[in-house]
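Below is one structure; the comments refer to it alone.
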Amino acid sequence: MDLLRHLRHFVVVARELHFERAAEVLGMAQPPLSQSIQRLERELGAVLFDRSQRQVRLTPAGQLLLGEADELLAGERRLRNLIDQVRRGALGVLRAGVPPETPAVTLRALLDGLTARAPGLDLDLHELTTGEQLRMLTEGRLDVGLLHQPVDAAGLRFGPAVDVPVGVLLPRAAPLARARQVELADLAGLDLIAAPPATAAGWHDHLLAVCREHGFTPARVRHARNPEFLFGLVLAGGAVAVEPEAVARREPRIAWRPIVGAPLVRRTSAAWPSRAAHPAAPMFGQLAAEVLGLAEPPPGPATIASAARPWPVLFEAGEVVPDHPSGVVRS
């Protein structure tokens with residue numbers, strides 16, 4: 001027996017104390033409603049309505065059941081709402097990975113955005129390279145990851161991709177830093193500092209291929225996982241790195257210069273398993289694309305407080321000025 005359905009019928013009859021009016025409220029015929037109440041009475045072993053008079057009245061058993069039924073039905077509504085939120089990804093735990101070099105403002109924007117869209121969702125965030133995220137996604141130990149393309153992996157779905165221009169990181173005192181833009185061929189004879197292939201094999205191979213295609217075959221490739229180690233190698237001289245502008249902002253002695261023709265961009269997108277995907281994974285992917293893809297700065301200090309524009313800008317093209325710490329002046 002569908003007890004909750006019969007209880008809903010009972011509550012309406014108990015409020016109306018009239019079977020015909022109750023049937024109209026419920027949008028059903030009176031005979032099936034009477035049968036539903038009779039079945040509930042048989043199931044509970046008690047008479048719920050006194051039908052001996054012209055007016056229907058609740059029996060003591062009916063009065064007791066009315067209070068209990070209200071609580072049961074309210075609990076059912078709460079339960080259905082909770083299950084619906086879990087199904088939509090608004091509740092539960094989302095295990096997500098982000099690259100180690102992700103700027104603090106990006107993390108803050110991502111966390112605040114998820115809080116605004118799914119307040120009941122618990123985000124279990126991990127700092128992982130693209131290679132580590134791919135492995136954990138395949139093993140089912142991660143629900144969604146933020147990956148640097150290209151990646152060669154079956155069984156994944158991808159969110160919207162965002163392309164971020166990369167440029168050359170140079171010591172501010174280097175002669176090449178005086179130029180507004182740098183040709184890749186101008187870097188001939190220098191070492192290239194890059195993340196190890198295992199961190200993002202697709203990007204590593206793509207970077208080297210584009211450098212060679214544009215006349216820059218590094219004297220050697222030196223690997224750095226930690227930004228501080230990368231900065232140290234650049235400042236030591238004889239080596240350059242190719243990174244997004246945001247990386248250079250962490251070190252005032254480093255200048256960032258765009259590459260002539262912009263032959264390199266870092267494409268990033270969220271990825272999650274095609275099968276049995278977490279309901280919140282597509283939402284995370286869409287939010288990550290919005291956070292990474294902003295092109296204009298918010299008015300005033302960078303904050304997350306504005307409801308209309310809750311995320312700060314990560315990248316903006318500006319005028320290159322050699323004596324500016326980052327090489328870029330905001331307009």
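Residue numbering restarts at 1 for every chain of the structure tokens, chains are lettered A, B, ... in their displayed order, and ligands are numbered from 1 as they appear.
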
Neighbour list for segment 242-251 of chain A as a ChimeraX atom specification, cut-off 8 Å, only C-alpha atoms, skip fewer than 2 positions in-chain:
/A:101,103,164-169,192-194,227,231,240,253-256,266,314-315,325-326

Run DSSP on the backbone and give me the residues of segment 88-246 of chain A it puts in helix (DSSP H, G or I), as number ranges by chain.
A: 104-117, 130-139, 175-178, 184-187, 201-213, 227-235, 245-246

Residue nearest Trp203 of chain A - candidates A:Pro258, A:Gly131, A:Gly238, A:Gly189, atoms counted: only C-alpha atoms:
A:Gly131

Name the closest residue to Pro99 of chain A among the candidates A:Gly202, A:Gly145, A:Gly113, A:Gly140; distances are taken between atoms, counting only C-alpha atoms.
A:Gly145

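Take the candidates A:His18, A:Ala96, A:Glu68, A:Gly27 and check each one against Gln53 of chain A using only C-alpha atoms; the shortest distance goes to A:His18.
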
Show which residues sit within 12 Å of Glu127 of chain A, as a PyMOL selection string. Count only C-alpha atoms, and ignore same-chain residues fewer than 5 positions away.
chain A and resi 95-103+107+132-133+142+145-147+199

For the interface of segment 93-167 of chain A with segment 281-288 of chain A (cut-off 7 Å, counting only C-alpha atoms), please tabulate each contacting residue of segment 93-167 of chain A alongside its nearest pair of atoms and their separation in Å to one decimal, rows sorted by chain and increasing number, as a Markdown table.
```
| residue | atom | partner | partner_atom | distance |
| --- | --- | --- | --- | --- |
| A:Leu110 | CA | A:Ala288 | CA | 6.5 |
| A:Asp143 | CA | A:Ala281 | CA | 6.8 |
| A:Val144 | CA | A:Ala281 | CA | 5.8 |
| A:Gly159 | CA | A:Gly285 | CA | 4.9 |
| A:Pro160 | CA | A:Gln286 | CA | 6.4 |
```

With C-alpha atoms retained, write the just-selected residues as a PDB file, in the first residue's frame.
```pdb
ATOM      1  CA  LEU A 110      36.209  29.002  -7.907  1.00  0.00           C
ATOM      2  CA  ASP A 143      35.212  13.336  -9.734  1.00  0.00           C
ATOM      3  CA  VAL A 144      36.415  16.237 -11.883  1.00  0.00           C
ATOM      4  CA  GLY A 159      33.759  21.157 -20.223  1.00  0.00           C
ATOM      5  CA  PRO A 160      34.232  24.430 -22.131  1.00  0.00           C
TER       6      PRO A 160
END
```

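DSSP annotation of segment 172-201 of chain A from backbone atoms: strand (DSSP E) residues are Asp191, Leu192, Ile193 and Ala194 of chain A.
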
Output for the residues just chosen: C-alpha atoms as a CSV table (one decimal), in the first residue's frame:
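The resulting file, selection-v3.csv, is reproduced below:
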```csv
chain,number,residue,atom,x,y,z
A,191,ASP,CA,67.8,26.7,-22.3
A,192,LEU,CA,64.0,26.2,-21.9
A,193,ILE,CA,62.5,25.7,-18.5
A,194,ALA,CA,59.3,23.6,-18.5
```

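Proximity ranking of A:Pro273, A:Gly232, A:Gly293, A:Pro263 relative to Pro171 of chain A places A:Gly232 first, based on only C-alpha atoms.
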
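Of the residues listed (A:Ala29, A:Val56, A:Val210, A:Ala280), A:Ala280 shows the shortest atom-to-atom separation from Gly120 of chain A; distances use only C-alpha atoms.
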
Looking at only C-alpha atoms, which of A:Val221, A:Ser52, A:Leu94, A:Pro32 is the one that sits closest to His126 of chain A?
A:Leu94
